[in-house]
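target_6.txt (compact mmCIF, C-alpha atoms) appears below.
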# COMPACT_ATOMS: atom_id res chain seq x y z
CA MET A 1 -88.06 78.08 125.71
CA THR A 2 -90.83 75.47 125.99
CA ASP A 3 -90.24 71.73 125.50
CA ARG A 4 -92.11 71.95 122.18
CA GLN A 5 -89.75 74.65 120.95
CA LYS A 6 -86.57 72.79 121.90
CA PRO A 7 -84.58 71.20 119.05
CA HIS A 8 -84.57 67.39 118.91
CA TRP A 9 -81.04 67.03 120.26
CA ALA A 10 -81.81 69.25 123.27
CA LYS A 11 -84.54 66.87 124.40
CA GLU A 12 -82.20 63.89 123.98
CA MET A 13 -79.62 65.52 126.28
CA GLU A 14 -82.04 65.58 129.20
CA SER A 15 -81.72 61.83 129.70
CA SER A 16 -78.94 59.32 129.20
CA PRO A 17 -78.71 57.97 125.63
CA PHE A 18 -77.64 54.62 127.01
CA ILE A 19 -80.09 51.72 126.95
CA LYS A 20 -79.93 51.21 130.73
CA SER A 21 -78.06 52.41 133.79
CA ARG A 22 -74.54 50.94 133.90
CA PHE A 23 -73.28 52.02 137.35
CA THR A 24 -74.68 51.86 140.87
CA LYS A 25 -73.81 54.22 143.75
CA GLU A 26 -71.52 51.54 145.17
CA MET A 27 -69.68 51.26 141.85
CA GLN A 28 -69.34 55.06 141.75
CA GLN A 29 -67.60 55.05 145.13
CA GLN A 30 -65.31 52.24 143.99
CA VAL A 31 -64.28 54.26 140.95
CA LEU A 32 -63.62 57.38 143.03
CA ARG A 33 -61.58 55.37 145.55
CA LYS A 34 -59.61 53.98 142.60
CA ALA A 35 -58.93 57.52 141.41
CA ASN A 36 -57.69 58.50 144.88
CA VAL A 37 -55.35 55.51 145.06
CA GLU A 38 -53.99 56.34 141.61
CA LYS A 39 -53.24 59.90 142.76
CA LYS A 40 -51.36 58.75 145.88
CA THR A 41 -49.31 56.07 144.13
CA GLY A 42 -48.87 57.82 140.81
CA ALA A 43 -45.39 59.15 141.55
CA ALA A 44 -44.03 55.73 142.40
CA ARG A 45 -45.57 54.16 139.32
CA HIS A 46 -44.31 57.00 137.14
CA ARG A 47 -40.74 56.04 138.00
CA ARG A 48 -41.47 52.51 136.83
CA SER A 49 -43.60 53.29 133.80
CA ARG A 50 -45.96 56.03 132.58
CA ALA A 51 -48.10 53.57 130.59
CA PRO A 52 -49.95 51.93 133.53
CA LYS A 53 -50.90 55.35 134.97
CA THR A 54 -52.28 56.55 131.68
CA ALA A 55 -54.23 53.32 131.08
CA ALA A 56 -55.74 53.43 134.57
CA ALA A 57 -56.74 57.05 134.16
CA VAL A 58 -58.43 56.34 130.85
CA LEU A 59 -60.37 53.44 132.40
CA ILE A 60 -61.52 55.66 135.28
CA VAL A 61 -62.66 58.38 132.92
CA ALA A 62 -64.54 55.91 130.73
CA ALA A 63 -66.29 54.46 133.77
CA LEU A 64 -67.26 57.87 135.16
CA GLY A 65 -68.35 59.12 131.78
CA ALA A 66 -70.51 56.12 131.00
CA ALA A 67 -72.29 56.62 134.31
CA GLY A 68 -72.71 60.36 133.74
CA LEU A 69 -70.59 61.01 136.88
CA TRP A 70 -67.73 63.13 135.62
CA LEU A 71 -69.25 66.25 137.19
CA SER A 72 -70.73 66.68 140.66
CA GLY A 73 -74.06 68.39 141.24
CA ASP A 74 -72.42 71.83 141.56
CA GLY A 75 -70.49 71.40 138.32
CA THR A 76 -67.16 70.56 140.01
CA SER A 77 -65.06 68.06 138.09
CA LEU A 78 -64.74 64.62 139.65
CA LEU A 79 -62.10 63.46 137.18
CA PRO A 80 -58.46 62.88 138.15
CA SER A 81 -56.10 64.96 136.05
CA TRP A 82 -53.27 63.67 133.90
CA PRO A 83 -50.80 65.26 131.50
CA PRO A 84 -52.19 66.52 128.15
CA ASP A 85 -49.62 64.44 126.32
CA ALA A 86 -51.34 61.30 127.68
CA VAL A 87 -53.89 61.80 124.89
CA SER A 88 -52.41 63.42 121.81
CA SER A 89 -54.46 65.63 119.47
CA SER A 90 -52.57 64.33 116.43
CA LYS A 91 -54.17 61.82 114.08
CA PRO A 92 -54.44 58.60 116.08
CA LEU A 93 -53.25 55.11 115.33
CA GLY A 94 -55.78 53.76 117.81
CA GLU A 95 -58.63 54.75 120.08
CA ARG A 96 -58.63 58.29 121.52
CA THR A 97 -61.59 59.53 123.57
CA GLN A 98 -60.41 63.10 124.30
CA TYR A 99 -59.46 65.92 121.98
CA TYR A 100 -56.77 68.41 123.03
CA GLU A 101 -55.63 71.55 121.26
CA ASN A 102 -52.48 73.37 122.41
CA GLY A 103 -52.53 71.29 125.57
CA LYS A 104 -56.13 72.22 126.40
CA LEU A 105 -58.93 69.65 126.57
CA LEU A 106 -61.80 70.68 124.28
CA PHE A 107 -64.13 67.70 124.56
CA SER A 108 -64.46 64.02 125.44
CA VAL A 109 -66.70 61.20 124.25
CA PHE A 110 -68.30 58.48 126.37
CA PRO A 111 -69.97 55.73 124.31
CA ASP A 112 -72.35 53.07 125.54
CA PRO A 113 -70.09 50.41 127.14
CA GLU A 114 -71.77 47.74 125.00
CA LEU A 115 -71.08 49.55 121.71
CA LYS A 116 -70.90 47.18 118.72
CA ALA A 117 -71.33 47.40 114.96
CA GLY A 118 -74.73 46.71 113.45
CA ARG A 119 -76.93 48.05 116.27
CA PRO A 120 -77.91 51.56 117.45
CA TYR A 121 -76.22 52.86 120.61
CA GLY A 122 -75.95 56.12 122.54
CA TYR A 123 -73.04 58.47 123.19
CA LEU A 124 -72.34 61.44 125.47
CA PHE A 125 -70.05 64.23 124.31
CA SER A 126 -68.71 66.50 127.06
CA PHE A 127 -67.59 69.95 125.86
CA GLN A 128 -65.33 72.02 128.13
CA ALA A 129 -65.74 75.49 126.59
CA PRO A 130 -67.84 78.05 128.51
CA PHE A 131 -71.38 77.96 127.19
CA GLU A 132 -71.23 81.55 125.92
CA GLU A 133 -68.51 80.48 123.48
CA LEU A 134 -70.85 77.84 122.04
CA ARG A 135 -74.23 79.56 122.22
CA GLY A 136 -75.87 80.15 118.84
CA LYS A 137 -73.34 78.07 116.90
CA SER A 138 -74.37 75.13 114.73
CA LEU A 139 -73.05 71.82 116.06
CA ALA A 140 -72.72 68.66 113.94
CA ILE A 141 -70.91 65.35 114.37
CA TYR A 142 -69.84 63.04 111.54
CA ALA A 143 -68.44 59.50 111.86
CA GLU A 144 -66.03 57.96 109.35
CA HIS A 145 -64.78 54.37 109.21
CA VAL A 146 -61.02 54.88 109.17
CA HIS A 147 -60.13 51.89 106.98
CA SER A 148 -62.89 52.04 104.35
CA GLY A 149 -63.77 55.75 104.43
CA TYR A 150 -67.50 55.02 104.83
CA LYS A 151 -69.25 58.02 106.42
CA VAL A 152 -72.43 58.54 108.44
CA THR A 153 -73.99 61.56 110.14
CA ALA A 154 -73.95 61.08 113.91
CA ALA A 155 -75.70 64.36 114.73
CA ALA A 156 -77.16 66.60 112.02
CA PRO A 157 -76.32 70.32 112.23
CA ALA A 158 -78.42 72.05 114.91
CA ALA A 159 -78.12 75.37 116.72
CA ILE A 160 -76.87 75.34 120.32
CA THR A 161 -79.48 77.28 122.28
CA GLU A 162 -79.31 75.94 125.86
CA PRO A 163 -76.76 74.26 128.14
CA SER A 164 -77.12 70.64 129.12
CA SER A 165 -79.96 70.10 131.56
CA GLY A 166 -78.63 70.63 135.10
CA TYR A 167 -75.24 71.93 133.90
CA GLN A 168 -73.68 75.30 133.18
CA GLY A 169 -72.18 74.25 129.87
CA LEU A 170 -72.56 71.58 127.20
CA GLU A 171 -71.23 68.75 129.35
CA ARG A 172 -73.94 66.27 128.31
CA PHE A 173 -74.54 66.49 124.59
CA GLY A 174 -76.39 63.29 123.76
CA VAL A 175 -76.22 61.35 120.53
CA ALA A 176 -78.91 58.65 120.61
CA ASN A 177 -79.58 55.65 118.40
CA LEU A 178 -76.47 55.88 116.23
CA GLY A 179 -75.91 52.61 114.39
CA LEU A 180 -72.58 51.96 112.65
CA PRO A 181 -72.54 49.27 109.94
CA LEU A 182 -68.89 48.21 110.22
CA SER A 183 -66.58 47.17 113.04
CA GLY A 184 -63.13 48.70 113.46
CA LEU A 185 -61.79 52.16 114.17
CA TRP A 186 -64.17 55.11 113.62
CA ARG A 187 -63.28 58.80 113.69
CA TYR A 188 -65.95 61.18 115.04
CA THR A 189 -65.42 64.72 113.80
CA VAL A 190 -67.15 67.62 115.57
CA GLU A 191 -67.96 70.71 113.50
CA LEU A 192 -69.03 74.14 114.73
CA ASP A 193 -70.62 76.41 112.12
CA GLY A 194 -69.38 74.03 109.43
CA LYS A 195 -65.73 74.17 110.56
CA ARG A 196 -63.79 71.33 112.14
CA TYR A 197 -63.58 71.72 115.93
CA GLY A 198 -61.80 68.45 116.70
CA ASP A 199 -62.10 64.68 116.51
CA VAL A 200 -62.00 61.55 118.63
CA THR A 201 -61.70 57.89 117.65
CA LEU A 202 -63.38 54.78 119.00
CA PHE A 203 -62.85 51.12 118.24
CA VAL A 204 -66.23 49.54 117.49
CA PRO A 205 -66.28 45.76 118.12
CA GLU A 206 -67.91 43.31 115.74
CA SER A 207 -71.41 42.01 116.45
CA SER A 208 -72.23 38.32 116.37
CA TRP A 209 -72.50 36.73 112.94
CA GLU A 210 -74.79 33.97 114.18
CA LEU A 211 -77.88 33.49 112.02
CA SER A 212 -80.66 35.72 113.37
CA PRO A 213 -83.39 33.73 115.10
CA LEU A 214 -86.98 33.19 114.01
CA PHE A 215 -89.85 34.50 116.14
CA LYS A 216 -93.63 34.21 115.90
CA SER A 217 -95.81 37.26 115.23
CA GLY A 218 -99.48 36.75 114.52
CA SER A 219 -99.80 33.83 112.13
CA VAL A 220 -96.29 34.02 110.65
CA GLU A 221 -92.65 33.38 111.56
CA LEU A 222 -90.22 36.26 111.10
CA ARG A 223 -86.44 36.42 111.13
CA GLY A 224 -85.01 39.30 113.13
CA THR A 225 -85.63 40.86 116.54
CA ALA A 226 -89.05 40.55 118.19
CA GLN A 227 -90.92 43.83 118.74
CA ASN A 228 -88.36 45.69 116.63
CA ILE A 229 -87.79 44.50 113.07
CA GLY A 230 -88.28 41.24 111.18
CA PHE A 231 -89.22 39.82 107.80
CA ILE A 232 -90.67 36.66 106.33
CA ASP A 233 -87.47 34.94 105.20
CA PRO A 234 -87.96 33.39 101.75
CA GLY A 235 -84.49 31.83 101.69
CA PHE A 236 -81.94 33.71 99.59
CA ARG A 237 -80.11 32.53 96.48
CA ALA A 238 -77.22 34.57 95.11
CA GLY A 239 -78.29 37.00 92.41
CA ALA A 240 -81.97 35.99 92.52
CA PRO A 241 -84.64 38.53 93.57
CA GLN A 242 -86.62 37.30 96.57
CA LYS A 243 -89.88 38.55 98.08
CA ALA A 244 -89.52 39.85 101.64
CA MET A 245 -92.39 41.17 103.77
CA TRP A 246 -90.93 43.52 106.40
CA HIS A 247 -92.55 44.01 109.83
CA VAL A 248 -91.57 46.99 111.98
CA TRP A 249 -92.51 48.00 115.53
CA GLY A 250 -92.30 51.45 117.15
CA ARG A 251 -94.07 54.65 118.08
CA ASP A 252 -95.59 56.77 115.33
CA ASP A 253 -92.84 59.40 115.63
CA GLU A 254 -90.17 56.68 115.37
CA LEU A 255 -91.68 55.26 112.18
CA LYS A 256 -91.85 58.49 110.21
CA GLY A 257 -89.61 58.54 107.15
CA SER A 258 -88.73 56.19 104.33
CA PHE A 259 -87.73 52.57 104.91
CA SER A 260 -84.59 51.18 103.25
CA VAL A 261 -82.17 48.29 103.68
CA LYS A 262 -78.38 48.05 103.23
CA ALA A 263 -76.22 44.95 103.57
CA VAL A 264 -72.63 43.91 104.22
CA LYS A 265 -71.08 40.46 103.67
CA GLN A 266 -69.15 38.76 106.46
CA GLY A 267 -65.43 39.48 106.17
CA GLU A 268 -65.91 42.48 103.85
CA GLU A 269 -66.33 46.24 104.22
CA ARG A 270 -68.35 46.88 101.06
CA ILE A 271 -71.81 48.15 101.95
CA ILE A 272 -74.50 47.77 99.30
CA ASP A 273 -78.06 49.06 98.94
CA VAL A 274 -80.49 46.15 98.65
CA LEU A 275 -83.77 48.03 99.08
CA SER A 276 -84.35 51.58 97.86
CA PRO A 277 -86.35 53.91 100.14
CA LEU A 278 -90.06 53.11 100.25
CA THR A 279 -93.07 54.07 102.37
CA LEU A 280 -94.16 51.75 105.15
CA GLY A 281 -97.72 50.44 105.03
CA GLY A 282 -100.24 49.52 107.70
CA SER A 283 -100.32 46.97 110.49
CA ILE A 284 -100.26 43.23 109.70
CA ASN A 285 -99.47 40.17 111.87
CA GLY A 286 -99.18 42.29 115.01
CA ALA A 287 -96.53 44.67 113.63
CA ASP A 288 -97.05 48.45 113.73
CA ARG A 289 -95.96 48.91 110.11
CA THR A 290 -95.19 46.59 107.19
CA ALA A 291 -93.71 46.76 103.71
CA PRO A 292 -93.54 44.19 100.88
CA SER A 293 -90.35 44.26 98.84
CA MET A 294 -88.01 42.43 96.46
CA VAL A 295 -84.48 41.90 97.78
CA THR A 296 -81.41 40.65 95.89
CA LEU A 297 -78.13 39.65 97.51
CA PRO A 298 -75.40 39.25 94.88
CA GLU A 299 -73.13 36.56 96.34
CA GLN A 300 -73.37 33.42 98.42
CA GLY A 301 -72.23 33.54 102.01
CA ARG A 302 -73.39 35.11 105.26
CA TRP A 303 -74.79 38.64 105.10
CA ARG A 304 -75.89 41.27 107.61
CA LEU A 305 -79.04 43.14 106.54
CA LEU A 306 -79.21 46.69 107.90
CA PRO A 307 -82.74 48.17 107.87
CA TYR A 308 -83.15 51.94 108.25
CA ILE A 309 -85.94 54.45 108.74
CA GLY A 310 -84.55 57.65 107.32
CA ASP A 311 -80.93 57.72 108.52
CA ARG A 312 -81.65 55.72 111.68
CA MET A 313 -80.52 52.09 111.79
CA LEU A 314 -83.14 49.85 113.42
CA ASP A 315 -81.01 46.76 114.06
CA SER A 316 -79.30 44.11 111.94
CA ILE A 317 -80.48 40.74 110.66
CA VAL A 318 -77.98 38.02 109.73
CA VAL A 319 -78.99 35.70 106.87
CA ASP A 320 -77.42 32.99 104.70
CA VAL A 321 -77.31 33.20 100.92
CA LYS A 322 -76.99 29.94 98.99
Can I see the file as structure tokens?
Amino acid sequence: MTDRQKPHWAKEMESSPFIKSRFTKEMQQQVLRKANVEKKTGAARHRRSRAPKTAAAVLIVAALGAAGLWLSGDGTSLLPSWPPDAVSSSKPLGERTQYYENGKLLFSVFPDPELKAGRPYGYLFSFQAPFEELRGKSLAIYAEHVHSGYKVTAAAPAAITEPSSGYQGLERFGVANLGLPLSGLWRYTVELDGKRYGDVTLFVPESSWELSPLFKSGSVELRGTAQNIGFIDPGFRAGAPQKAMWHVWGRDDELKGSFSVKAVKQGEERIIDVLSPLTLGGSINGADRTAPSMVTLPEQGRWRLLPYIGDRMLDSIVVDVK
């Protein structure tokens, strides 16, 4: 299969979905030494308490996973083992990064260590099944905010045609640029051929609610993130339509699709649509694409604007409404 024929998610798996490398070789050795110490002293600690052993193991796995180090070059697992009951497959009350079924680990998730609400981040899903059990099946991942029930598509259904690059199975299934609008506990459900395969849960921290800064582009000042997304801030008043000229940066392939904006008020979980999908226009003020619009925010207070191209969140912009 040529690179052009590969599905979009297959190309994403070939490189880390994380923004930058998180772990050096020295840090890798420190983690592995930590795992060895845990193995030698585990029996003594078990007599005192099982909780510290489980917590340490989870931290080691998260560190190895975030660095892409949970398998050696020949496919041999580098992870310390721990009892299946350390991570239950029942519906969680808190974060759970592995999914077990009948005592057998089916998959794990390793999110970007800097994961927060309101910005796009990457994830790695590591599936343990032999590749022949997965080949040809349609894989999809859906995320649901546990408290509010708000749902997003993390990975649209796509056929599994090849193993992860450099691996024998699907140990490095990448989900890139997934932005979640709300903080709190999220459940990520994996489906194979439209049927539930399992789920994991992650706690997504809140992003800063500081007013987004202004930056200069061309002859204008924009509120947002330079070289990503910004708009000429007219100053918002509750319930009053305001003109907003949006400026977007990116490659041509990244800017394909309709542009829309959602919003959430500080302290709430209600997400509203403030700009219906529209087509981006040409370059103005140094931006790659622009779009004029009318935006209405219904209540006074601090709001987080969430601009999207298609289903992909670009970033978030915090504004005040008088």
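Close contacts of Arg289 in chain A, defined as residues with an atom at most 8 Å away when counting all atoms listed in the file, with chain neighbours fewer than 2 positions off set aside, comprise A:His247, A:Val248, A:Trp249, A:Leu255, A:Leu280, A:Gly281, A:Gly282, A:Ser283, A:Ile284, A:Ala287, A:Ala291.
As for CA of Tyr150 in chain A and CA of Gly310 in chain A, they are spaced 17.4 Å apart.
Here CA of Ala238 in chain A and CA of Ser148 in chain A stand 24.4 Å from one another.
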Students should find that CA of Phe236 in chain A and CA of Leu314 in chain A are spaced 21.3 Å
Six-sided padding of 8 Å per side, axis-aligned box over range 132-145 of chain A, centre and edges in Å, one decimal, as lines of an AutoDock Vina configuration file:
center_x = -70.3
center_y = 68.0
center_z = 117.6
size_x = 27.1
size_y = 43.2
size_z = 32.7
Name the residues in contact with Ser293 in chain A at a cut-off of 8 Å, using all atoms listed in the file, excluding same-chain residues fewer than 6 positions from it; report them as a short mmCIF file (atom, residue, chain, number, x, y, z; two decimals) with C-alpha atoms, in the frame of the given file.
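For reference, result-v5.cif as written:
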data_model
loop_
_atom_site.label_atom_id
_atom_site.label_comp_id
_atom_site.auth_asym_id
_atom_site.auth_seq_id
_atom_site.Cartn_x
_atom_site.Cartn_y
_atom_site.Cartn_z
CA LYS A 243 -89.88 38.55 98.08
CA ALA A 244 -89.52 39.85 101.64
CA MET A 245 -92.39 41.17 103.77
CA TRP A 246 -90.93 43.52 106.40
CA LEU A 275 -83.77 48.03 99.08
#
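With all atoms listed in the file as the atoms that count, the residue of A:Pro181, A:Pro130, A:Pro241, A:Pro113 with the shortest distance to Arg270 in chain A is A:Pro181.
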Some atoms are absent from range 268-279 of chain A, so rebuild all heavy atoms and return them as a compact mmCIF listing (two decimals), keeping the file's coordinate frame.
# COMPACT_ATOMS: atom_id res chain seq x y z
N GLU A 268 -66.13 41.39 104.80
CA GLU A 268 -65.91 42.48 103.85
C GLU A 268 -66.34 43.81 104.45
O GLU A 268 -67.01 43.86 105.49
CB GLU A 268 -66.68 42.21 102.55
CG GLU A 268 -66.23 40.96 101.82
CD GLU A 268 -66.92 40.79 100.46
OE1 GLU A 268 -67.73 41.68 100.09
OE2 GLU A 268 -66.66 39.78 99.79
N GLU A 269 -65.96 44.90 103.78
CA GLU A 269 -66.33 46.24 104.22
C GLU A 269 -67.17 46.97 103.17
O GLU A 269 -67.49 48.14 103.33
CB GLU A 269 -65.08 47.06 104.54
CG GLU A 269 -64.29 46.53 105.73
CD GLU A 269 -63.05 47.32 106.04
OE1 GLU A 269 -62.60 48.08 105.13
OE2 GLU A 269 -62.52 47.21 107.15
N ARG A 270 -67.54 46.28 102.12
CA ARG A 270 -68.35 46.88 101.06
C ARG A 270 -69.81 46.86 101.47
O ARG A 270 -70.39 45.80 101.69
CB ARG A 270 -68.14 46.12 99.76
CG ARG A 270 -69.01 46.59 98.59
CD ARG A 270 -68.63 45.83 97.33
NE ARG A 270 -68.76 44.39 97.51
CZ ARG A 270 -69.73 43.65 96.98
NH1 ARG A 270 -70.66 44.23 96.23
NH2 ARG A 270 -69.76 42.35 97.18
N ILE A 271 -70.41 48.03 101.57
CA ILE A 271 -71.81 48.15 101.95
C ILE A 271 -72.63 48.41 100.70
O ILE A 271 -72.31 49.31 99.91
CB ILE A 271 -72.02 49.28 102.98
CG1 ILE A 271 -71.26 48.94 104.27
CG2 ILE A 271 -73.50 49.49 103.28
CD1 ILE A 271 -71.26 50.04 105.29
N ILE A 272 -73.68 47.62 100.49
CA ILE A 272 -74.50 47.77 99.30
C ILE A 272 -75.93 48.13 99.68
O ILE A 272 -76.39 47.83 100.79
CB ILE A 272 -74.50 46.48 98.44
CG1 ILE A 272 -75.15 45.32 99.21
CG2 ILE A 272 -73.08 46.11 98.02
CD1 ILE A 272 -75.37 44.08 98.36
N ASP A 273 -76.64 48.77 98.78
CA ASP A 273 -78.06 49.06 98.94
C ASP A 273 -78.85 47.90 98.34
O ASP A 273 -78.69 47.58 97.16
CB ASP A 273 -78.44 50.36 98.23
CG ASP A 273 -77.77 51.57 98.86
OD1 ASP A 273 -77.72 51.64 100.10
OD2 ASP A 273 -77.29 52.45 98.10
N VAL A 274 -79.70 47.27 99.16
CA VAL A 274 -80.49 46.15 98.65
C VAL A 274 -81.98 46.49 98.55
O VAL A 274 -82.74 45.76 97.92
CB VAL A 274 -80.31 44.88 99.51
CG1 VAL A 274 -78.86 44.40 99.45
CG2 VAL A 274 -80.71 45.13 100.96
N LEU A 275 -82.38 47.60 99.17
CA LEU A 275 -83.77 48.03 99.08
C LEU A 275 -83.81 49.55 99.08
O LEU A 275 -83.41 50.18 100.05
CB LEU A 275 -84.60 47.49 100.24
CG LEU A 275 -86.08 47.88 100.26
CD1 LEU A 275 -86.79 47.38 99.00
CD2 LEU A 275 -86.76 47.33 101.51
N SER A 276 -84.25 50.12 97.97
CA SER A 276 -84.35 51.58 97.86
C SER A 276 -85.45 52.09 98.79
O SER A 276 -86.38 51.35 99.14
CB SER A 276 -84.65 51.97 96.42
OG SER A 276 -83.60 51.56 95.56
N PRO A 277 -85.36 53.36 99.20
CA PRO A 277 -86.35 53.91 100.14
C PRO A 277 -87.78 53.74 99.64
O PRO A 277 -88.09 54.00 98.48
CB PRO A 277 -85.97 55.39 100.20
CG PRO A 277 -84.50 55.41 99.91
CD PRO A 277 -84.30 54.34 98.88
N LEU A 278 -88.64 53.27 100.55
CA LEU A 278 -90.06 53.11 100.25
C LEU A 278 -90.88 53.51 101.47
O LEU A 278 -90.35 53.67 102.58
CB LEU A 278 -90.37 51.68 99.80
CG LEU A 278 -89.94 50.51 100.68
CD1 LEU A 278 -90.88 50.31 101.87
CD2 LEU A 278 -89.88 49.23 99.87
N THR A 279 -92.18 53.66 101.28
CA THR A 279 -93.07 54.07 102.37
C THR A 279 -93.64 52.85 103.06
O THR A 279 -94.10 51.91 102.41
CB THR A 279 -94.22 54.94 101.82
OG1 THR A 279 -93.66 56.08 101.18
CG2 THR A 279 -95.14 55.38 102.94
